[in-house]
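This is data23.txt. It holds compact mmCIF, C-alpha atoms.
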# COMPACT_ATOMS: atom_id res chain seq x y z
CA MET A 1302 -19.46 -5.39 -9.06
CA ARG A 1303 -20.00 -6.07 -5.35
CA VAL A 1304 -17.97 -3.93 -2.94
CA LEU A 1305 -17.79 -4.37 0.83
CA VAL A 1306 -17.07 -1.07 2.60
CA VAL A 1307 -15.70 -1.57 6.12
CA ASP A 1308 -15.74 1.55 8.30
CA ASP A 1309 -17.37 2.37 11.63
CA HIS A 1310 -18.26 5.95 10.67
CA PRO A 1311 -21.62 6.27 8.84
CA VAL A 1312 -20.64 9.57 7.19
CA VAL A 1313 -17.51 7.97 5.72
CA ARG A 1314 -19.45 4.95 4.46
CA ARG A 1315 -22.03 7.25 2.87
CA GLY A 1316 -19.28 9.23 1.16
CA ILE A 1317 -17.59 6.11 -0.21
CA ARG A 1318 -20.92 4.80 -1.44
CA GLN A 1319 -21.66 8.09 -3.21
CA ILE A 1320 -18.26 8.19 -4.93
CA LEU A 1321 -18.44 4.61 -6.18
CA GLU A 1322 -22.08 4.79 -7.29
CA ASP A 1323 -21.38 8.03 -9.19
CA GLU A 1324 -18.25 6.79 -10.95
CA ILE A 1325 -18.60 3.00 -11.33
CA ARG A 1326 -21.66 1.28 -12.81
CA PRO A 1327 -23.12 -1.16 -12.15
CA VAL A 1328 -22.03 -1.45 -8.52
CA GLU A 1329 -23.59 -2.92 -5.39
CA ILE A 1330 -22.31 -1.60 -2.04
CA LEU A 1331 -22.40 -3.74 1.10
CA GLU A 1332 -21.35 -2.33 4.47
CA ALA A 1333 -19.73 -3.51 7.69
CA THR A 1334 -19.08 -1.42 10.79
CA SER A 1335 -16.60 -3.67 12.61
CA GLY A 1336 -13.92 -6.24 11.98
CA GLU A 1337 -16.06 -9.17 13.04
CA GLU A 1338 -18.96 -8.06 10.85
CA ALA A 1339 -16.56 -7.64 7.94
CA LEU A 1340 -15.14 -11.14 8.35
CA ALA A 1341 -18.64 -12.62 8.59
CA ARG A 1342 -19.62 -10.92 5.31
CA ILE A 1343 -16.38 -11.96 3.64
CA ARG A 1344 -17.10 -15.58 4.56
CA SER A 1345 -20.74 -15.52 3.45
CA GLU A 1346 -20.91 -13.10 0.51
CA GLN A 1347 -19.59 -13.21 -3.04
CA LEU A 1348 -17.49 -10.05 -3.22
CA ASP A 1349 -15.28 -8.48 -5.86
CA ILE A 1350 -13.33 -6.14 -3.57
CA VAL A 1351 -13.16 -4.92 0.03
CA VAL A 1352 -12.49 -1.29 0.98
CA LEU A 1353 -11.11 -1.52 4.52
CA ASP A 1354 -10.47 1.11 7.18
CA LEU A 1355 -7.65 0.43 9.66
CA GLY A 1356 -9.27 2.10 12.68
CA LEU A 1357 -12.03 -0.35 13.60
CA PRO A 1358 -13.66 -0.46 17.06
CA ASP A 1359 -13.31 -4.15 17.85
CA ARG A 1360 -9.97 -5.25 16.38
CA PRO A 1361 -7.09 -3.69 14.44
CA GLY A 1362 -7.56 -3.27 10.72
CA LEU A 1363 -4.24 -4.97 10.04
CA ASP A 1364 -5.50 -8.03 11.93
CA VAL A 1365 -8.74 -7.97 9.93
CA LEU A 1366 -6.73 -7.72 6.71
CA LYS A 1367 -4.66 -10.80 7.57
CA ALA A 1368 -7.73 -12.77 8.62
CA SER A 1369 -9.52 -11.76 5.41
CA LYS A 1370 -6.62 -12.92 3.26
CA HIS A 1371 -6.63 -16.21 5.16
CA GLU A 1372 -10.36 -16.65 4.51
CA LYS A 1373 -10.33 -15.52 0.86
CA PRO A 1374 -6.74 -15.30 -0.46
CA GLY A 1375 -7.89 -14.14 -3.89
CA LEU A 1376 -10.16 -11.34 -2.67
CA PRO A 1377 -8.51 -7.95 -3.32
CA ILE A 1378 -8.49 -5.54 -0.38
CA LEU A 1379 -7.97 -1.79 -0.73
CA VAL A 1380 -7.04 -0.11 2.55
CA LEU A 1381 -8.62 3.34 2.93
CA THR A 1382 -7.31 5.13 6.00
CA MET A 1383 -6.65 8.49 7.57
CA HIS A 1384 -2.97 7.58 8.05
CA ASP A 1385 -0.52 8.90 5.47
CA GLU A 1386 2.51 7.59 7.38
CA GLU A 1387 4.43 5.33 5.03
CA SER A 1388 5.17 2.74 7.72
CA PHE A 1389 1.43 1.90 7.80
CA ALA A 1390 1.47 1.40 4.03
CA VAL A 1391 4.52 -0.86 4.18
CA ARG A 1392 2.85 -3.10 6.77
CA VAL A 1393 -0.49 -3.44 5.01
CA LEU A 1394 1.04 -4.05 1.59
CA LYS A 1395 3.29 -6.74 3.06
CA ALA A 1396 0.21 -8.26 4.71
CA GLY A 1397 -1.45 -8.68 1.33
CA ALA A 1398 -3.40 -5.48 0.65
CA ALA A 1399 -3.77 -4.66 -3.03
CA GLY A 1400 -3.72 -0.93 -2.44
CA TYR A 1401 -3.37 1.84 0.12
CA LEU A 1402 -5.20 5.14 -0.09
CA THR A 1403 -5.75 7.96 2.40
CA LYS A 1404 -9.24 9.28 3.07
CA GLU A 1405 -7.94 12.71 2.15
CA SER A 1406 -7.41 11.45 -1.42
CA ALA A 1407 -10.61 9.43 -1.66
CA ALA A 1408 -12.72 12.01 -3.47
CA THR A 1409 -10.34 12.15 -6.45
CA GLU A 1410 -8.63 8.73 -6.40
CA LEU A 1411 -10.95 6.12 -4.89
CA ALA A 1412 -12.74 5.04 -8.07
CA ALA A 1413 -9.47 4.78 -10.01
CA ALA A 1414 -7.91 2.80 -7.14
CA VAL A 1415 -10.82 0.34 -7.05
CA LEU A 1416 -10.70 -0.21 -10.81
CA ARG A 1417 -6.92 -0.67 -10.79
CA VAL A 1418 -7.13 -3.25 -8.01
CA LEU A 1419 -10.01 -5.08 -9.72
CA ARG A 1420 -7.83 -5.45 -12.81
CA GLY A 1421 -5.21 -7.21 -10.71
CA GLY A 1422 -2.95 -4.24 -10.15
CA ARG A 1423 -1.81 -2.46 -7.02
CA TYR A 1424 -2.53 1.10 -6.08
CA VAL A 1425 -0.85 3.79 -4.01
CA SER A 1426 -1.02 7.49 -4.68
CA GLN A 1427 1.91 9.07 -6.49
CA SER A 1428 2.92 11.15 -3.48
CA LEU A 1429 2.91 8.11 -1.21
CA ALA A 1430 4.75 6.02 -3.82
CA GLU A 1431 7.56 8.58 -3.85
CA ARG A 1432 7.76 8.56 -0.05
CA LEU A 1433 7.68 4.75 0.02
CA ALA A 1434 10.57 4.58 -2.44
CA ALA A 1435 12.63 6.89 -0.25
CA HIS A 1436 11.52 5.07 2.89
CA LEU A 1437 12.45 1.60 1.62
CA GLY A 1438 15.70 2.82 0.17
CA THR A 1439 17.19 3.96 3.46
CA ALA A 1440 18.18 1.55 6.20
CA THR A 1441 19.28 4.15 8.73
CA ASP A 1442 17.52 6.77 10.80
CA ARG A 1443 14.29 4.76 10.97
CA PRO A 1444 11.89 5.81 13.75
CA PRO A 1445 11.64 3.32 16.64
CA HIS A 1446 8.09 2.17 15.85
CA GLU A 1447 9.38 0.56 12.66
CA THR A 1448 11.37 -1.93 14.72
CA LEU A 1449 8.12 -3.39 16.08
CA SER A 1450 6.67 -6.62 14.75
CA ASP A 1451 3.20 -6.47 13.21
CA ARG A 1452 1.63 -7.82 16.43
CA GLU A 1453 3.58 -5.34 18.56
CA PHE A 1454 2.54 -2.53 16.23
CA GLU A 1455 -1.14 -3.55 16.52
CA ILE A 1456 -0.89 -3.53 20.31
CA PHE A 1457 0.96 -0.21 20.25
CA CYS A 1458 -1.84 1.35 18.17
CA LEU A 1459 -4.50 0.01 20.53
CA MET A 1460 -2.64 1.27 23.59
CA VAL A 1461 -2.34 4.79 22.23
CA ARG A 1462 -6.11 4.71 21.54
CA GLY A 1463 -6.60 4.22 25.28
CA LYS A 1464 -7.47 0.51 25.25
CA SER A 1465 -6.74 -1.46 28.43
CA LEU A 1466 -4.69 -4.66 28.44
CA THR A 1467 -7.90 -6.64 28.92
CA GLU A 1468 -9.63 -4.90 26.01
CA ILE A 1469 -6.62 -5.50 23.78
CA ALA A 1470 -6.47 -9.16 24.75
CA HIS A 1471 -10.16 -9.56 23.93
CA SER A 1472 -9.91 -7.85 20.55
CA LEU A 1473 -6.85 -9.87 19.49
CA PHE A 1474 -7.99 -13.19 20.99
CA ILE A 1475 -4.86 -13.53 23.13
CA SER A 1476 -4.25 -13.59 26.88
CA VAL A 1477 -3.74 -10.53 29.07
CA LYS A 1478 -0.36 -11.96 30.05
CA THR A 1479 0.68 -12.08 26.39
CA VAL A 1480 -0.42 -8.47 25.89
CA SER A 1481 1.55 -7.44 28.98
CA THR A 1482 4.65 -9.17 27.62
CA HIS A 1483 4.25 -7.38 24.28
CA ARG A 1484 3.76 -4.05 26.08
CA ALA A 1485 7.04 -4.49 27.96
CA ARG A 1486 8.83 -5.37 24.72
CA ILE A 1487 7.32 -2.35 22.93
CA LEU A 1488 8.46 0.05 25.66
CA GLN A 1489 11.93 -1.49 25.60
CA LYS A 1490 12.29 -1.34 21.82
CA MET A 1491 11.08 2.26 21.69
CA ASN A 1492 13.04 3.32 24.78
CA LEU A 1493 9.91 4.74 26.43
CA GLY A 1494 8.80 4.49 30.03
CA ASN A 1495 5.00 4.35 30.07
CA ASN A 1496 1.77 4.65 28.09
CA ALA A 1497 1.73 8.44 28.31
CA GLU A 1498 5.08 8.58 26.52
CA LEU A 1499 3.72 6.15 23.92
CA VAL A 1500 0.80 8.50 23.27
CA GLN A 1501 3.14 11.50 22.95
CA TYR A 1502 5.25 9.52 20.50
CA ALA A 1503 2.18 8.50 18.46
CA VAL A 1504 1.02 12.11 18.23
CA ARG A 1505 4.46 13.24 17.09
CA TYR A 1506 4.56 10.66 14.31
CA LYS A 1507 0.86 11.01 13.40
CA LEU A 1508 0.09 7.41 14.35
CA THR A 1509 -3.14 8.10 16.22
CA SER A 1510 -6.60 7.41 14.81
As structure tokens, please, write out the structure in this file.
Amino acid sequence: MRVLVVDDHPVVRRGIRQILEDEIRPVEILEATSGEEALARIRSEQLDIVVLDLGLPDRPGLDVLKASKHEKPGLPILVLTMHDEESFAVRVLKAGAAGYLTKESAATELAAAVLRVLRGGRYVSQSLAERLAAHLGTATDRPPHETLSDREFEIFCLMVRGKSLTEIAHSLFISVKTVSTHRARILQKMNLGNNAELVQYAVRYKLTS
């Protein structure tokens, strides 16, 4: 089995490697530290599964996920992230991810999640599955960030990480003017006045990385 681990933190990659090599045999681990490197490996390598972090330095993980599914529609992708907020899970599962797992659960659930996904199944932890069921079953009292489109949500996440409009435009391959338009729409939808309020909101809802 060939696994591509995409994460910009060497300690995290080492931990994932150790878990998979201890619990799944035979296994070959390949690594990528950025979205662009991940996409290059996905295009050039024969892979069985990708373990993908959402918080990459060069472009949003959700964007990398969509691009990966465009390149290799049949390649299963397991998102492994620090975010336990169910709205992240909803977005990545809709975008084509085969599973969603938090790094907090990796030590006990990662190997099982990889094997489930390789067999053609989907994987979320039981606790998240229960929250997702409740989340999808209620149409009212949704937090404002759930009204954002996927592109708006990507830009929102980059803004709260301190990225400038120019940096965001570069990472998403769009114009600064387009980013500025999205920013205005985000602030309007969320009824917030500036980036500082966006950051405060992100902290409150645990949307920072």
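Minimum atom-to-atom distance to His1384 in chain A, evaluated using all atoms listed in the file, belongs to A:Lys1404 out of A:His1371, A:Lys1404, A:Arg1342, A:Arg1303.
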- prompt: Which residues come within 10 Å of Val1393 in chain A, counting all atoms listed in the file, excluding same-chain residues fewer than 6 positions away, as a ChimeraX atom specification?
  reply: /A:1355,1362-1364,1366-1367,1378-1380,1399-1401,1451
Which polymer residues have any atom within 7 Å of an atom of range 1484-1496 of chain A, counting only C-alpha atoms, with same-chain residues fewer than 5 positions away left out, as a PyMOL selection string? chain A and resi 1445-1446+1449+1453
**Asked** Leaving out Ile1343 in chain A and any residue of its chain fewer than 5 positions from it, which residues lie within 8 Å of it when counting all atoms listed in the file, given as a VMD selection string?
**Response** chain A and resid 1348 1369 1372 to 1373
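You will find CA of Val1500 in chain A at 15.9 Å from CA of Ile1469 in chain A.
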Selected residue, from A:Ile1350, A:Ala1412, A:Leu1402, A:Leu1357, that lies nearest to Asp1385 in chain A when counting only C-alpha atoms: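 Closest to Asp1385 in chain A, using only C-alpha atoms: A:Leu1402.
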Where is the centre and how long are the edges: axis-aligned box on range 1396-1403 of chain A, 8 Å on each side, Å to one decimal, as lines of an AutoDock Vina configuration file:
center_x = -2.8
center_y = -0.4
center_z = 0.8
size_x = 22.0
size_y = 32.6
size_z = 23.7
**Study point:** Within 9 Å of Ala1497 in chain A using all atoms listed in the file, minus same-chain residues under 4 positions, as a list in words
**Key:**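 Non-adjacent residues within range: Val1461, Gln1501 and Tyr1502 of chain A.
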**Study point:** Distance criterion (all atoms listed in the file): nearest to Arg1318 in chain A out of A:Val1391, A:Ile1330, A:Leu1305, A:Val1352
**Key:**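 Ranking A:Val1391, A:Ile1330, A:Leu1305, A:Val1352 by distance to Arg1318 in chain A, first place goes to A:Ile1330.
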Contact residues around Leu1340 in chain A with all atoms listed in the file at 8 Å, ignoring same-chain residues under 4 positions, as a PDB file with C-alpha atoms, keeping the file's coordinate frame:
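What landed in around_35.pdb:
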ATOM      1  CA  GLY A1336     -13.920  -6.240  11.980  1.00  0.00           C
ATOM      2  CA  ARG A1344     -17.100 -15.580   4.560  1.00  0.00           C
ATOM      3  CA  VAL A1365      -8.740  -7.970   9.930  1.00  0.00           C
ATOM      4  CA  ALA A1368      -7.730 -12.770   8.620  1.00  0.00           C
ATOM      5  CA  SER A1369      -9.520 -11.760   5.410  1.00  0.00           C
TER       6      SER A1369
END
With distances taken over all atoms listed in the file, the candidate from A:Ala1407, A:Leu1429, A:Leu1508, A:Ile1475 nearest Met1460 in chain A is A:Leu1508
**Item:** Top pick for closest residue to Thr1334 in chain A, considering A:Leu1459, A:Ile1317, A:Leu1419, A:Val1307 and counting only C-alpha atoms
**Value:**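 Residue with the minimum atom-to-atom distance to Thr1334 in chain A: A:Val1307.
With only C-alpha atoms as the atoms that count, the residue of A:Glu1498, A:Asp1354, A:Lys1507, A:Ser1388 with the shortest distance to Ser1450 in chain A is A:Ser1388.
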Do you have the CA of Ala1333 in chain A-CA of Thr1403 in chain A distance handy?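 Between CA of Ala1333 in chain A and CA of Thr1403 in chain A the gap works out to 18.8 Å.
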CA of Arg1443 in chain A sits from CA of Val1504 in chain A at a separation of 16.8 Å
_Is it possible to get the residues within 12 Å of (-19.3, 9.9, -6.7) (coordinates as in the file, counting all atoms listed in the file) written as a ChimeraX atom specification?_
/A:1315-1326,1328,1407-1413
Residues from the last selection, C-alpha atoms, saved as a short mmCIF file (atom, residue, chain, number, x, y, z; two decimals), keeping the file's coordinate frame:
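Produced file out06.cif, reproduced below:
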data_model
loop_
_atom_site.label_atom_id
_atom_site.label_comp_id
_atom_site.auth_asym_id
_atom_site.auth_seq_id
_atom_site.Cartn_x
_atom_site.Cartn_y
_atom_site.Cartn_z
CA ARG A 1315 -22.03 7.25 2.87
CA GLY A 1316 -19.28 9.23 1.16
CA ILE A 1317 -17.59 6.11 -0.21
CA ARG A 1318 -20.92 4.80 -1.44
CA GLN A 1319 -21.66 8.09 -3.21
CA ILE A 1320 -18.26 8.19 -4.93
CA LEU A 1321 -18.44 4.61 -6.18
CA GLU A 1322 -22.08 4.79 -7.29
CA ASP A 1323 -21.38 8.03 -9.19
CA GLU A 1324 -18.25 6.79 -10.95
CA ILE A 1325 -18.60 3.00 -11.33
CA ARG A 1326 -21.66 1.28 -12.81
CA VAL A 1328 -22.03 -1.45 -8.52
CA ALA A 1407 -10.61 9.43 -1.66
CA ALA A 1408 -12.72 12.01 -3.47
CA THR A 1409 -10.34 12.15 -6.45
CA GLU A 1410 -8.63 8.73 -6.40
CA LEU A 1411 -10.95 6.12 -4.89
CA ALA A 1412 -12.74 5.04 -8.07
CA ALA A 1413 -9.47 4.78 -10.01
#
Can we get range 1332-1447 of chain A of that structure written down with C-alpha atoms, as a CSV table (one decimal), in the first residue's frame?
chain,number,residue,atom,x,y,z
A,1332,GLU,CA,5.3,12.8,2.0
A,1333,ALA,CA,4.4,16.3,0.8
A,1334,THR,CA,4.7,19.5,2.8
A,1335,SER,CA,2.5,21.8,0.7
A,1336,GLY,CA,-0.5,21.7,-1.6
A,1337,GLU,CA,1.5,22.1,-4.8
A,1338,GLU,CA,3.9,19.3,-3.8
A,1339,ALA,CA,1.0,17.1,-3.0
A,1340,LEU,CA,-0.7,17.7,-6.3
A,1341,ALA,CA,2.6,17.1,-8.2
A,1342,ARG,CA,2.9,13.7,-6.4
A,1343,ILE,CA,-0.7,12.8,-7.0
A,1344,ARG,CA,-0.2,13.4,-10.7
A,1345,SER,CA,3.1,11.5,-10.9
A,1346,GLU,CA,2.8,8.7,-8.4
A,1347,GLN,CA,0.7,5.5,-8.1
A,1348,LEU,CA,-1.0,6.0,-4.8
A,1349,ASP,CA,-3.6,4.0,-2.9
A,1350,ILE,CA,-4.7,6.8,-0.5
A,1351,VAL,CA,-3.9,10.4,0.5
A,1352,VAL,CA,-3.9,11.6,4.2
A,1353,LEU,CA,-4.4,15.3,3.8
A,1354,ASP,CA,-4.2,18.1,6.4
A,1355,LEU,CA,-6.4,21.2,5.8
A,1356,GLY,CA,-3.9,23.8,7.1
A,1357,LEU,CA,-1.3,23.9,4.4
A,1358,PRO,CA,1.1,26.9,3.9
A,1359,ASP,CA,0.5,27.6,0.2
A,1360,ARG,CA,-3.2,27.0,-0.5
A,1361,PRO,CA,-6.2,25.8,1.5
A,1362,GLY,CA,-6.6,22.1,2.1
A,1363,LEU,CA,-10.2,22.2,0.7
A,1364,ASP,CA,-8.8,23.6,-2.5
A,1365,VAL,CA,-6.2,20.9,-2.7
A,1366,LEU,CA,-8.8,18.3,-2.0
A,1367,LYS,CA,-11.0,19.5,-4.9
A,1368,ALA,CA,-8.0,19.7,-7.2
A,1369,SER,CA,-6.9,16.2,-6.2
A,1370,LYS,CA,-10.3,14.8,-7.0
A,1371,HIS,CA,-10.2,16.5,-10.4
A,1372,GLU,CA,-6.8,15.0,-11.1
A,1373,LYS,CA,-7.6,11.5,-9.8
A,1374,PRO,CA,-11.3,11.1,-9.1
A,1375,GLY,CA,-10.9,7.5,-7.9
A,1376,LEU,CA,-8.1,8.2,-5.4
A,1377,PRO,CA,-9.5,8.1,-1.8
A,1378,ILE,CA,-8.6,11.1,0.4
A,1379,LEU,CA,-8.7,11.0,4.2
A,1380,VAL,CA,-8.7,14.4,5.8
A,1381,LEU,CA,-6.7,14.6,9.0
A,1382,THR,CA,-7.0,17.9,10.7
A,1383,MET,CA,-6.9,19.7,14.0
A,1384,HIS,CA,-10.5,21.0,13.5
A,1385,ASP,CA,-13.3,19.2,15.2
A,1386,GLU,CA,-15.9,21.7,14.1
A,1387,GLU,CA,-18.6,19.8,12.1
A,1388,SER,CA,-18.9,22.5,9.5
A,1389,PHE,CA,-15.4,21.6,8.3
A,1390,ALA,CA,-16.4,18.0,8.0
A,1391,VAL,CA,-19.5,18.8,6.0
A,1392,ARG,CA,-17.6,20.8,3.5
A,1393,VAL,CA,-14.8,18.3,2.9
A,1394,LEU,CA,-17.1,15.3,2.7
A,1395,LYS,CA,-19.3,17.2,0.2
A,1396,ALA,CA,-16.1,18.0,-1.8
A,1397,GLY,CA,-15.3,14.3,-2.1
A,1398,ALA,CA,-13.2,13.3,0.9
A,1399,ALA,CA,-13.7,9.6,1.9
A,1400,GLY,CA,-13.2,10.4,5.6
A,1401,TYR,CA,-12.6,13.0,8.2
A,1402,LEU,CA,-10.5,12.5,11.3
A,1403,THR,CA,-9.1,14.9,13.9
A,1404,LYS,CA,-5.4,14.7,14.8
A,1405,GLU,CA,-6.5,14.3,18.4
A,1406,SER,CA,-8.0,10.9,17.4
A,1407,ALA,CA,-5.2,9.8,15.1
A,1408,ALA,CA,-3.3,7.7,17.6
A,1409,THR,CA,-6.3,5.3,18.2
A,1410,GLU,CA,-8.3,5.7,14.9
A,1411,LEU,CA,-6.0,6.5,12.0
A,1412,ALA,CA,-5.1,2.9,11.0
A,1413,ALA,CA,-8.8,1.8,11.1
A,1414,ALA,CA,-9.8,4.9,9.2
A,1415,VAL,CA,-7.2,4.2,6.4
A,1416,LEU,CA,-8.3,0.6,6.1
A,1417,ARG,CA,-12.0,1.5,6.0
A,1418,VAL,CA,-11.4,4.1,3.3
A,1419,LEU,CA,-9.3,1.6,1.3
A,1420,ARG,CA,-12.1,-0.8,1.3
A,1421,GLY,CA,-14.4,1.8,-0.3
A,1422,GLY,CA,-16.1,3.0,2.8
A,1423,ARG,CA,-16.2,6.3,4.5
A,1424,TYR,CA,-14.9,7.2,7.9
A,1425,VAL,CA,-15.8,9.7,10.6
A,1426,SER,CA,-15.4,9.1,14.3
A,1427,GLN,CA,-18.5,8.1,16.3
A,1428,SER,CA,-18.5,11.4,18.3
A,1429,LEU,CA,-18.3,13.5,15.1
A,1430,ALA,CA,-20.9,11.3,13.4
A,1431,GLU,CA,-23.3,12.0,16.2
A,1432,ARG,CA,-22.6,15.8,16.0
A,1433,LEU,CA,-23.0,15.7,12.2
A,1434,ALA,CA,-26.3,14.0,12.4
A,1435,ALA,CA,-27.6,16.7,14.8
A,1436,HIS,CA,-26.0,19.4,12.7
A,1437,LEU,CA,-27.5,18.3,9.4
A,1438,GLY,CA,-30.9,17.7,11.0
A,1439,THR,CA,-31.4,21.3,12.1
A,1440,ALA,CA,-32.0,24.1,9.7
A,1441,THR,CA,-32.2,26.9,12.2
A,1442,ASP,CA,-29.7,28.6,14.5
A,1443,ARG,CA,-26.8,27.9,12.2
A,1444,PRO,CA,-23.7,30.1,12.8
A,1445,PRO,CA,-23.0,32.7,10.1
A,1446,HIS,CA,-19.9,31.1,8.7
A,1447,GLU,CA,-22.1,28.2,7.4
